[in-house]
Amino acid sequence: MSTIRCDVLVIGAGAAGLMCALTAGQRGRLVQVIDHANKIGKKILMSGGGRCNFTNTGTTAAQFLSANPHFCKSALARYTPADFIEMVDRHRIAWHEKELGQLFCDLSSKQIVKMLVDECTAAGAQIRANCGVDRVERGSDGFRVHTAQGLFHASSLVIATGGLSIPSLGATGFGYELARQFGHEVLPTRAGLVPLTLSGKHQERFADLSGVALPVEARCNGQRFRNSMLLTHRGISGPAILQISSFWQPGDDLRLDLLPGFDAGDWLRTMKRDRGAAELRTVLSEVMPRRLALRLCEQWLGDKPVRQLDERELRTAAQLLADFPLVASGTEGYRTAEVTLGGVDTRKVSSSTMESQLVPGLHFIGEVLDVTGWLGGYNFQWAWASGHAAGHAV
């Protein structure tokens with residue numbers, strides 16, 4: 001097979017890889033991008049319900065989880081949401097803010113992929129799909145990467161292979177294997193931004209409420225997120241649960257405020273005063289989905305007329321509504337997880353260039369690193385920022 005020579009070889013044609021390629025290409029570097037998948041940017045295409053939550057205007061380092069929390073600051077500061085929005089606007093892609101700084105395409109995530117590919121093409125970066133890697137070697141003259149489409153020889157090698165989440169889209173642990181090959185430590189990985197599962201009696205109490213959604217505040221390990229929760233036939237999902245899942249592990253105490261924005265005790269006392277003849281299920285059904293209100297009364301709260309609740313019963317009911325203990329048994333795993341927590345230890349990677357401190361010319365970007373954002377466009381912003389940082393350094 002022929003040898004394809006380039007300045008920069010990027011393994012992975014996702015968000016971070018394409019951003020790195022277009023940035024390096026714009027600097028005059030000869031860039032090749034390879035990906036084992038049959039289609040470019042699969043994860044971008046399915047994100048945000050097909051509309052791609054491409055950034056968050058409120059991005060700071062505080063929205064990222066890492067064993068090295070300061071690592072992401074430099075790249076995020078040098079490539080901001082405003083920088084990416086400028087490119088989106090230049091390509092005349094219409095967008096809107098949904099909530100909490102989350103920006104989405106008006107039409108389709110395909111527009112973001114096309115924009116990135118067009119920018120790569122304009123910068124002379126060549127992208128190849130269906131190009132699996134057999135092995136990677138490093139010599140005195142750079143990196144040799146043996147692939148299904150021939151031998152690539154590059155001065156700089158950028159690992160943009162992502163994490164383990166959503167294997168149906170082609171996710172593998174290949175990037176972690178390469179990191180270990182070159183002496184890097186890989187911190188333990190687990191599914192993040194993922195639905196939680198219930199089992200046993202906890203699952204039995206809620207299984208037939210699948211499809212019920214309501215606003216909650218989910219709390220675990222000092223973190224709290226207020227957003228919607230969805231009951232599923234296997235457990236719980238929805239934005240509030242996906243957010244808290246990154247901070248939860250089996251055995252951790254998980255609590256839900258089922259009436260966020262209310263003081264449950266004050267509200268119950270008001271109901272007792274003003275609606276005393278009404279049953280508890282009736283007044284609860286006015287502030288949460290009726291099916292859930294009925295289940296809470298059946299299983300935990302009883303169903304007296306509100307006027308019959310004495311002060312102790314009022315306090316007990318208020319405590320349950322404001323601090324409901326939910327015993328989750330696990331997560332749905334990488335199959336449905338939006339991100340992978342853990343990854344390549346950043347302590348041996350430059351925070352300004354994403355270059356390995358062990359192997360000159362080797363760079364790691366995006367989700368393969370131990371940097372994981374909250375739900376809401378933060379992980380895309382990390383992909384853009386880390387890709388941009390490496391693209392300027394290679």
# chains A, B, ... in the order shown; residues from 1 in each chain; ligands from 1
$ select_by_dssp --residues "range 103-305 of chain A" --states "alpha helix (DSSP H)" --output "PyMOL selection string"
chain A and resi 110-122+174-181+200-206+239-245+264-274+280-284+290-296
$ closest_atom_pairs --of "range 161-229 of chain A" --to "range 240-263 of chain A" --cutoff "10 Å" --atoms "only C-alpha atoms" --output "CSV"
residue,atom,partner,partner_atom,distance
A:Arg190,CA,A:Ser246,CA,8.9
A:Ala191,CA,A:Ser246,CA,7.6
A:Gly192,CA,A:Ser246,CA,4.7
A:Leu193,CA,A:Leu242,CA,4.2
A:Val194,CA,A:Leu242,CA,4.9
A:Pro195,CA,A:Leu242,CA,5.8
A:Leu196,CA,A:Ser245,CA,7.0
A:Leu214,CA,A:Leu258,CA,8.0
A:Pro215,CA,A:Pro260,CA,7.0
A:Val216,CA,A:Leu258,CA,5.1
A:Glu217,CA,A:Asp257,CA,5.0
A:Ala218,CA,A:Leu256,CA,4.7
A:Arg219,CA,A:Arg255,CA,5.2
A:Cys220,CA,A:Leu254,CA,5.0
A:Asn221,CA,A:Phe247,CA,6.8
A:Gly222,CA,A:Phe247,CA,8.9
A:Gln223,CA,A:Ile244,CA,7.3
A:Arg224,CA,A:Ile244,CA,7.1
A:Phe225,CA,A:Ala240,CA,5.6
A:Arg226,CA,A:Ala240,CA,5.9
A:Asn227,CA,A:Ala240,CA,4.7
A:Ser228,CA,A:Ala240,CA,5.6
A:Met229,CA,A:Ala240,CA,5.8
$ write_last_selection --atoms "C-alpha atoms" --output "PDB file, in the first residue's frame"
ATOM      1  CA  ARG A 190     -17.836   5.318  33.638  1.00  0.00           C
ATOM      2  CA  ALA A 191     -21.013   6.462  31.938  1.00  0.00           C
ATOM      3  CA  GLY A 192     -22.016  10.098  32.485  1.00  0.00           C
ATOM      4  CA  LEU A 193     -25.130  12.116  31.619  1.00  0.00           C
ATOM      5  CA  VAL A 194     -27.037   8.858  31.676  1.00  0.00           C
ATOM      6  CA  PRO A 195     -30.477   7.644  32.872  1.00  0.00           C
ATOM      7  CA  LEU A 196     -30.548   5.893  36.257  1.00  0.00           C
ATOM      8  CA  LEU A 214     -42.283  16.786  36.253  1.00  0.00           C
ATOM      9  CA  PRO A 215     -39.860  19.480  37.405  1.00  0.00           C
ATOM     10  CA  VAL A 216     -37.606  18.408  40.272  1.00  0.00           C
ATOM     11  CA  GLU A 217     -34.420  19.410  41.986  1.00  0.00           C
ATOM     12  CA  ALA A 218     -32.057  16.421  42.095  1.00  0.00           C
ATOM     13  CA  ARG A 219     -29.384  16.435  44.802  1.00  0.00           C
ATOM     14  CA  CYS A 220     -26.351  14.214  45.363  1.00  0.00           C
ATOM     15  CA  ASN A 221     -22.875  14.647  46.860  1.00  0.00           C
ATOM     16  CA  GLY A 222     -23.260  18.393  47.314  1.00  0.00           C
ATOM     17  CA  GLN A 223     -24.494  19.008  43.756  1.00  0.00           C
ATOM     18  CA  ARG A 224     -28.028  20.057  42.813  1.00  0.00           C
ATOM     19  CA  PHE A 225     -29.762  20.493  39.473  1.00  0.00           C
ATOM     20  CA  ARG A 226     -33.258  21.840  38.909  1.00  0.00           C
ATOM     21  CA  ASN A 227     -34.870  20.708  35.682  1.00  0.00           C
ATOM     22  CA  SER A 228     -37.352  18.086  34.486  1.00  0.00           C
ATOM     23  CA  MET A 229     -37.386  14.386  35.409  1.00  0.00           C
TER      24      MET A 229
END
$ closest_residue --among "A:Ala13, A:Ala393, A:Met271, A:Leu309" --to "Leu116 in chain A" --atoms "only C-alpha atoms"
A:Ala13
$ closest_residue --among "A:Gly200, A:Gly391, A:Pro188, A:Gly101" --to "Ala21 in chain A" --atoms "only C-alpha atoms"
A:Gly391
$ select_by_dssp --residues "range 153-320 of chain A" --states "strand (DSSP E)" --output "JSON, numbers by chain"
{"A": [153, 154, 155, 156, 157, 158, 159, 186, 187, 188, 189, 190, 191, 192, 196, 197, 213, 214, 215, 216, 217, 218, 219, 220, 223, 224, 225, 226, 227, 228, 229, 230, 231, 235, 236, 237, 255, 256, 257]}
$ residues_around --residues "Asn130 in chain A" --least-positions-apart "5" --cutoff "7 Å" --atoms "only C-alpha atoms" --output "list in words"
Asp35, His36, Ala37 and Asn38 of chain A
$ closest_atom_pairs --of "range 271-345 of chain A" --to "range 63-81 of chain A" --cutoff "12 Å" --atoms "only C-alpha atoms" --output "CSV"
residue,atom,partner,partner_atom,distance
A:Val339,CA,A:Leu65,CA,11.4
A:Thr340,CA,A:Leu65,CA,10.7
A:Leu341,CA,A:Leu65,CA,7.8
A:Gly342,CA,A:Ser66,CA,7.2
A:Gly343,CA,A:Ser66,CA,9.3
A:Val344,CA,A:Ser66,CA,10.3
A:Asp345,CA,A:Ala67,CA,7.9
$ write_last_selection --atoms "N, CA and C atoms" --output "short mmCIF file (atom, residue, chain, number, x, y, z; two decimals), in the first residue's frame"
data_model
loop_
_atom_site.label_atom_id
_atom_site.label_comp_id
_atom_site.auth_asym_id
_atom_site.auth_seq_id
_atom_site.Cartn_x
_atom_site.Cartn_y
_atom_site.Cartn_z
N VAL A 339 -21.92 10.99 27.58
CA VAL A 339 -20.49 11.23 27.70
C VAL A 339 -19.85 10.11 28.52
N THR A 340 -18.52 10.12 28.52
CA THR A 340 -17.73 9.20 29.33
C THR A 340 -16.95 9.99 30.36
N LEU A 341 -17.14 9.68 31.63
CA LEU A 341 -16.34 10.28 32.69
C LEU A 341 -15.00 9.56 32.79
N GLY A 342 -13.97 10.29 33.23
CA GLY A 342 -12.64 9.69 33.28
C GLY A 342 -11.96 9.79 31.93
N GLY A 343 -10.87 9.05 31.77
CA GLY A 343 -10.14 9.08 30.50
C GLY A 343 -8.67 9.39 30.72
N VAL A 344 -8.01 9.86 29.67
CA VAL A 344 -6.57 10.11 29.72
C VAL A 344 -6.26 11.14 30.80
N ASP A 345 -5.38 10.77 31.71
CA ASP A 345 -5.01 11.65 32.82
C ASP A 345 -4.36 12.92 32.27
#
$ residues_around --residues "Val359 in chain A" --least-positions-apart "4" --cutoff "9 Å" --atoms "only C-alpha atoms" --output "list in words"
Phe182, Gly183, Glu355 and His363 of chain A
$ write_last_selection --atoms "all heavy atoms" --output "mmCIF file, in the first residue's frame"
data_model
loop_
_atom_site.group_PDB
_atom_site.id
_atom_site.type_symbol
_atom_site.label_atom_id
_atom_site.label_comp_id
_atom_site.auth_asym_id
_atom_site.auth_seq_id
_atom_site.Cartn_x
_atom_site.Cartn_y
_atom_site.Cartn_z
ATOM 1 N N PHE A 182 1.599 4.702 24.723
ATOM 2 C CA PHE A 182 2.633 5.729 24.808
ATOM 3 C C PHE A 182 2.918 6.173 26.242
ATOM 4 O O PHE A 182 3.487 7.242 26.465
ATOM 5 C CB PHE A 182 2.246 6.914 23.928
ATOM 6 C CG PHE A 182 2.345 6.631 22.453
ATOM 7 C CD1 PHE A 182 1.204 6.522 21.683
ATOM 8 C CD2 PHE A 182 3.581 6.421 21.863
ATOM 9 C CE1 PHE A 182 1.297 6.240 20.322
ATOM 10 C CE2 PHE A 182 3.686 6.135 20.512
ATOM 11 C CZ PHE A 182 2.543 6.044 19.734
ATOM 12 N N GLY A 183 2.510 5.358 27.227
ATOM 13 C CA GLY A 183 2.908 5.589 28.606
ATOM 14 C C GLY A 183 1.992 6.469 29.430
ATOM 15 O O GLY A 183 2.325 6.816 30.569
ATOM 16 N N GLU A 355 -0.615 18.815 24.109
ATOM 17 C CA GLU A 355 0.466 17.899 23.720
ATOM 18 C C GLU A 355 0.900 17.044 24.899
ATOM 19 O O GLU A 355 0.975 17.502 26.040
ATOM 20 C CB GLU A 355 1.664 18.675 23.188
ATOM 21 C CG GLU A 355 2.772 17.768 22.636
ATOM 22 C CD GLU A 355 3.913 18.560 22.000
ATOM 23 O OE1 GLU A 355 4.019 19.783 22.265
ATOM 24 O OE2 GLU A 355 4.691 17.959 21.242
ATOM 25 N N HIS A 363 -0.840 14.511 20.635
ATOM 26 C CA HIS A 363 -1.828 15.384 21.275
ATOM 27 C C HIS A 363 -3.109 14.608 21.556
ATOM 28 O O HIS A 363 -3.494 13.720 20.786
ATOM 29 C CB HIS A 363 -2.164 16.571 20.361
ATOM 30 C CG HIS A 363 -0.987 17.446 20.041
ATOM 31 N ND1 HIS A 363 -0.824 18.710 20.552
ATOM 32 C CD2 HIS A 363 0.089 17.226 19.248
ATOM 33 C CE1 HIS A 363 0.294 19.244 20.098
ATOM 34 N NE2 HIS A 363 0.869 18.359 19.296
#
$ residues_around --residues "Asp274 in chain A" --least-positions-apart "5" --cutoff "10 Å" --atoms "only C-alpha atoms" --output "short mmCIF file (atom, residue, chain, number, x, y, z; two decimals) with all heavy atoms, in the first residue's frame"
data_model
loop_
_atom_site.label_atom_id
_atom_site.label_comp_id
_atom_site.auth_asym_id
_atom_site.auth_seq_id
_atom_site.Cartn_x
_atom_site.Cartn_y
_atom_site.Cartn_z
N LEU A 268 -48.48 23.05 52.39
CA LEU A 268 -49.43 22.11 53.00
C LEU A 268 -50.28 22.80 54.07
O LEU A 268 -51.48 22.54 54.18
CB LEU A 268 -48.67 20.93 53.61
CG LEU A 268 -48.17 19.88 52.61
CD1 LEU A 268 -47.22 18.91 53.29
CD2 LEU A 268 -49.34 19.12 51.99
N ARG A 269 -49.65 23.67 54.85
CA ARG A 269 -50.43 24.37 55.88
C ARG A 269 -51.45 25.31 55.24
O ARG A 269 -52.57 25.46 55.75
CB ARG A 269 -49.48 25.13 56.81
CG ARG A 269 -48.65 24.19 57.69
CD ARG A 269 -47.72 24.93 58.64
NE ARG A 269 -46.88 23.96 59.34
CZ ARG A 269 -45.66 23.60 58.90
NH1 ARG A 269 -45.14 24.15 57.81
NH2 ARG A 269 -44.96 22.69 59.57
N VAL A 306 -57.14 17.06 53.92
CA VAL A 306 -55.97 17.79 54.41
C VAL A 306 -56.19 18.29 55.83
O VAL A 306 -55.26 18.36 56.64
CB VAL A 306 -55.63 18.97 53.46
CG1 VAL A 306 -54.31 19.60 53.85
CG2 VAL A 306 -55.56 18.49 52.02
N ARG A 307 -57.44 18.64 56.19
CA ARG A 307 -57.70 19.19 57.53
C ARG A 307 -57.40 18.18 58.64
O ARG A 307 -57.20 18.55 59.80
CB ARG A 307 -59.15 19.67 57.64
CG ARG A 307 -60.19 18.57 57.65
CD ARG A 307 -61.50 19.06 58.30
NE ARG A 307 -62.17 20.08 57.52
CZ ARG A 307 -63.17 19.85 56.67
NH1 ARG A 307 -63.60 18.60 56.49
NH2 ARG A 307 -63.74 20.83 56.02
#
$ atom_distance --atom1 "CA of Glu338 in chain A" --atom2 "CA of Ser47 in chain A"
8.7 Å
$ residues_around --residues "range 39-46 of chain A" --least-positions-apart "5" --cutoff "10 Å" --atoms "only C-alpha atoms" --output "PyMOL selection string"
chain A and resi 12-18+34+51-54+108-114+116-117+127-130+162+165-166+169-171+338+380
$ decode --residues "range 155-294 of chain A" --atoms "C-alpha atoms" --output "compact mmCIF listing (two decimals), in the first residue's frame"
# COMPACT_ATOMS: atom_id res chain seq x y z
CA SER A 155 5.04 14.66 12.27
CA SER A 156 2.14 15.26 14.70
CA LEU A 157 -0.53 12.79 15.79
CA VAL A 158 -3.78 13.98 17.35
CA ILE A 159 -6.00 11.52 19.23
CA ALA A 160 -9.63 12.67 18.95
CA THR A 161 -11.33 9.31 19.31
CA GLY A 162 -13.89 10.23 21.97
CA GLY A 163 -15.01 8.01 24.83
CA LEU A 164 -17.05 4.85 25.28
CA SER A 165 -20.53 6.37 25.19
CA ILE A 166 -23.05 5.18 22.58
CA PRO A 167 -21.13 2.25 21.05
CA SER A 168 -23.86 1.93 18.41
CA LEU A 169 -22.36 5.09 16.87
CA GLY A 170 -18.93 3.48 16.77
CA ALA A 171 -17.50 4.46 20.15
CA THR A 172 -14.58 2.30 21.29
CA GLY A 173 -11.76 2.42 23.82
CA PHE A 174 -9.14 2.77 21.07
CA GLY A 175 -7.97 6.19 22.23
CA TYR A 176 -7.32 4.86 25.72
CA GLU A 177 -5.33 1.95 24.28
CA LEU A 178 -3.15 4.37 22.30
CA ALA A 179 -2.63 6.54 25.39
CA ARG A 180 -1.45 3.52 27.38
CA GLN A 181 0.77 2.43 24.49
CA PHE A 182 2.63 5.73 24.81
CA GLY A 183 2.91 5.59 28.61
CA HIS A 184 -0.09 7.67 29.63
CA GLU A 185 -2.27 6.75 32.57
CA VAL A 186 -6.00 6.38 31.88
CA LEU A 187 -8.23 7.20 34.83
CA PRO A 188 -11.19 4.86 35.47
CA THR A 189 -14.08 5.48 33.10
CA ARG A 190 -17.84 5.32 33.64
CA ALA A 191 -21.01 6.46 31.94
CA GLY A 192 -22.02 10.10 32.49
CA LEU A 193 -25.13 12.12 31.62
CA VAL A 194 -27.04 8.86 31.68
CA PRO A 195 -30.48 7.64 32.87
CA LEU A 196 -30.55 5.89 36.26
CA THR A 197 -32.16 2.50 36.83
CA LEU A 198 -34.31 1.30 39.71
CA SER A 199 -34.75 -2.27 40.87
CA GLY A 200 -36.83 -4.35 43.24
CA LYS A 201 -39.57 -2.59 45.18
CA HIS A 202 -38.22 0.82 44.15
CA GLN A 203 -38.78 -0.05 40.50
CA GLU A 204 -42.15 -1.73 41.17
CA ARG A 205 -43.54 1.43 42.78
CA PHE A 206 -42.88 3.55 39.68
CA ALA A 207 -42.72 1.21 36.67
CA ASP A 208 -46.32 1.77 35.58
CA LEU A 209 -45.81 5.55 35.72
CA SER A 210 -43.50 5.42 32.69
CA GLY A 211 -43.89 8.61 30.66
CA VAL A 212 -44.75 10.85 33.63
CA ALA A 213 -42.57 13.99 33.71
CA LEU A 214 -42.28 16.79 36.25
CA PRO A 215 -39.86 19.48 37.41
CA VAL A 216 -37.61 18.41 40.27
CA GLU A 217 -34.42 19.41 41.99
CA ALA A 218 -32.06 16.42 42.10
CA ARG A 219 -29.38 16.44 44.80
CA CYS A 220 -26.35 14.21 45.36
CA ASN A 221 -22.87 14.65 46.86
CA GLY A 222 -23.26 18.39 47.31
CA GLN A 223 -24.49 19.01 43.76
CA ARG A 224 -28.03 20.06 42.81
CA PHE A 225 -29.76 20.49 39.47
CA ARG A 226 -33.26 21.84 38.91
CA ASN A 227 -34.87 20.71 35.68
CA SER A 228 -37.35 18.09 34.49
CA MET A 229 -37.39 14.39 35.41
CA LEU A 230 -38.96 11.61 33.36
CA LEU A 231 -40.11 8.31 34.83
CA THR A 232 -39.26 5.38 32.54
CA HIS A 233 -40.13 1.71 32.65
CA ARG A 234 -36.60 0.99 33.94
CA GLY A 235 -36.03 4.02 36.15
CA ILE A 236 -35.62 7.77 35.78
CA SER A 237 -34.29 10.09 33.10
CA GLY A 238 -34.71 13.70 31.97
CA PRO A 239 -32.25 16.62 32.20
CA ALA A 240 -32.16 16.84 36.02
CA ILE A 241 -31.33 13.14 36.30
CA LEU A 242 -28.78 13.13 33.47
CA GLN A 243 -27.01 16.03 35.18
CA ILE A 244 -26.90 14.45 38.64
CA SER A 245 -25.88 11.04 37.21
CA SER A 246 -22.35 12.33 36.62
CA PHE A 247 -22.00 12.93 40.37
CA TRP A 248 -23.77 9.74 41.53
CA GLN A 249 -22.37 6.24 41.98
CA PRO A 250 -24.12 3.13 43.34
CA GLY A 251 -24.75 3.47 47.06
CA ASP A 252 -24.69 7.28 47.05
CA ASP A 253 -27.58 9.14 48.64
CA LEU A 254 -29.84 10.65 45.97
CA ARG A 255 -32.64 13.04 46.93
CA LEU A 256 -35.38 14.74 44.94
CA ASP A 257 -37.34 17.89 45.72
CA LEU A 258 -40.64 17.01 44.06
CA LEU A 259 -41.98 20.56 44.50
CA PRO A 260 -39.04 22.79 43.57
CA GLY A 261 -39.79 26.43 44.15
CA PHE A 262 -42.31 25.60 46.90
CA ASP A 263 -41.84 25.50 50.63
CA ALA A 264 -43.67 22.19 51.00
CA GLY A 265 -44.50 22.78 54.67
CA ASP A 266 -45.93 26.25 54.11
CA TRP A 267 -47.87 25.02 51.09
CA LEU A 268 -49.43 22.11 53.00
CA ARG A 269 -50.43 24.37 55.88
CA THR A 270 -52.04 26.78 53.40
CA MET A 271 -53.95 23.86 51.86
CA LYS A 272 -55.09 22.77 55.31
CA ARG A 273 -56.37 26.27 56.03
CA ASP A 274 -57.96 27.02 52.64
CA ARG A 275 -58.85 23.60 51.21
CA GLY A 276 -59.31 21.51 54.34
CA ALA A 277 -62.09 19.30 52.94
CA ALA A 278 -60.02 18.26 49.91
CA GLU A 279 -58.12 14.99 50.01
CA LEU A 280 -54.34 15.19 49.92
CA ARG A 281 -54.23 13.48 46.51
CA THR A 282 -56.51 16.19 45.11
CA VAL A 283 -54.37 19.14 46.14
CA LEU A 284 -51.15 17.34 45.20
CA SER A 285 -52.57 16.65 41.73
CA GLU A 286 -52.77 20.39 41.19
CA VAL A 287 -49.01 20.86 41.57
CA MET A 288 -47.66 17.63 40.06
CA PRO A 289 -48.82 14.94 37.61
CA ARG A 290 -51.95 13.25 38.96
CA ARG A 291 -50.65 9.70 38.54
CA LEU A 292 -47.59 10.48 40.63
CA ALA A 293 -49.68 12.27 43.28
CA LEU A 294 -51.89 9.18 43.58
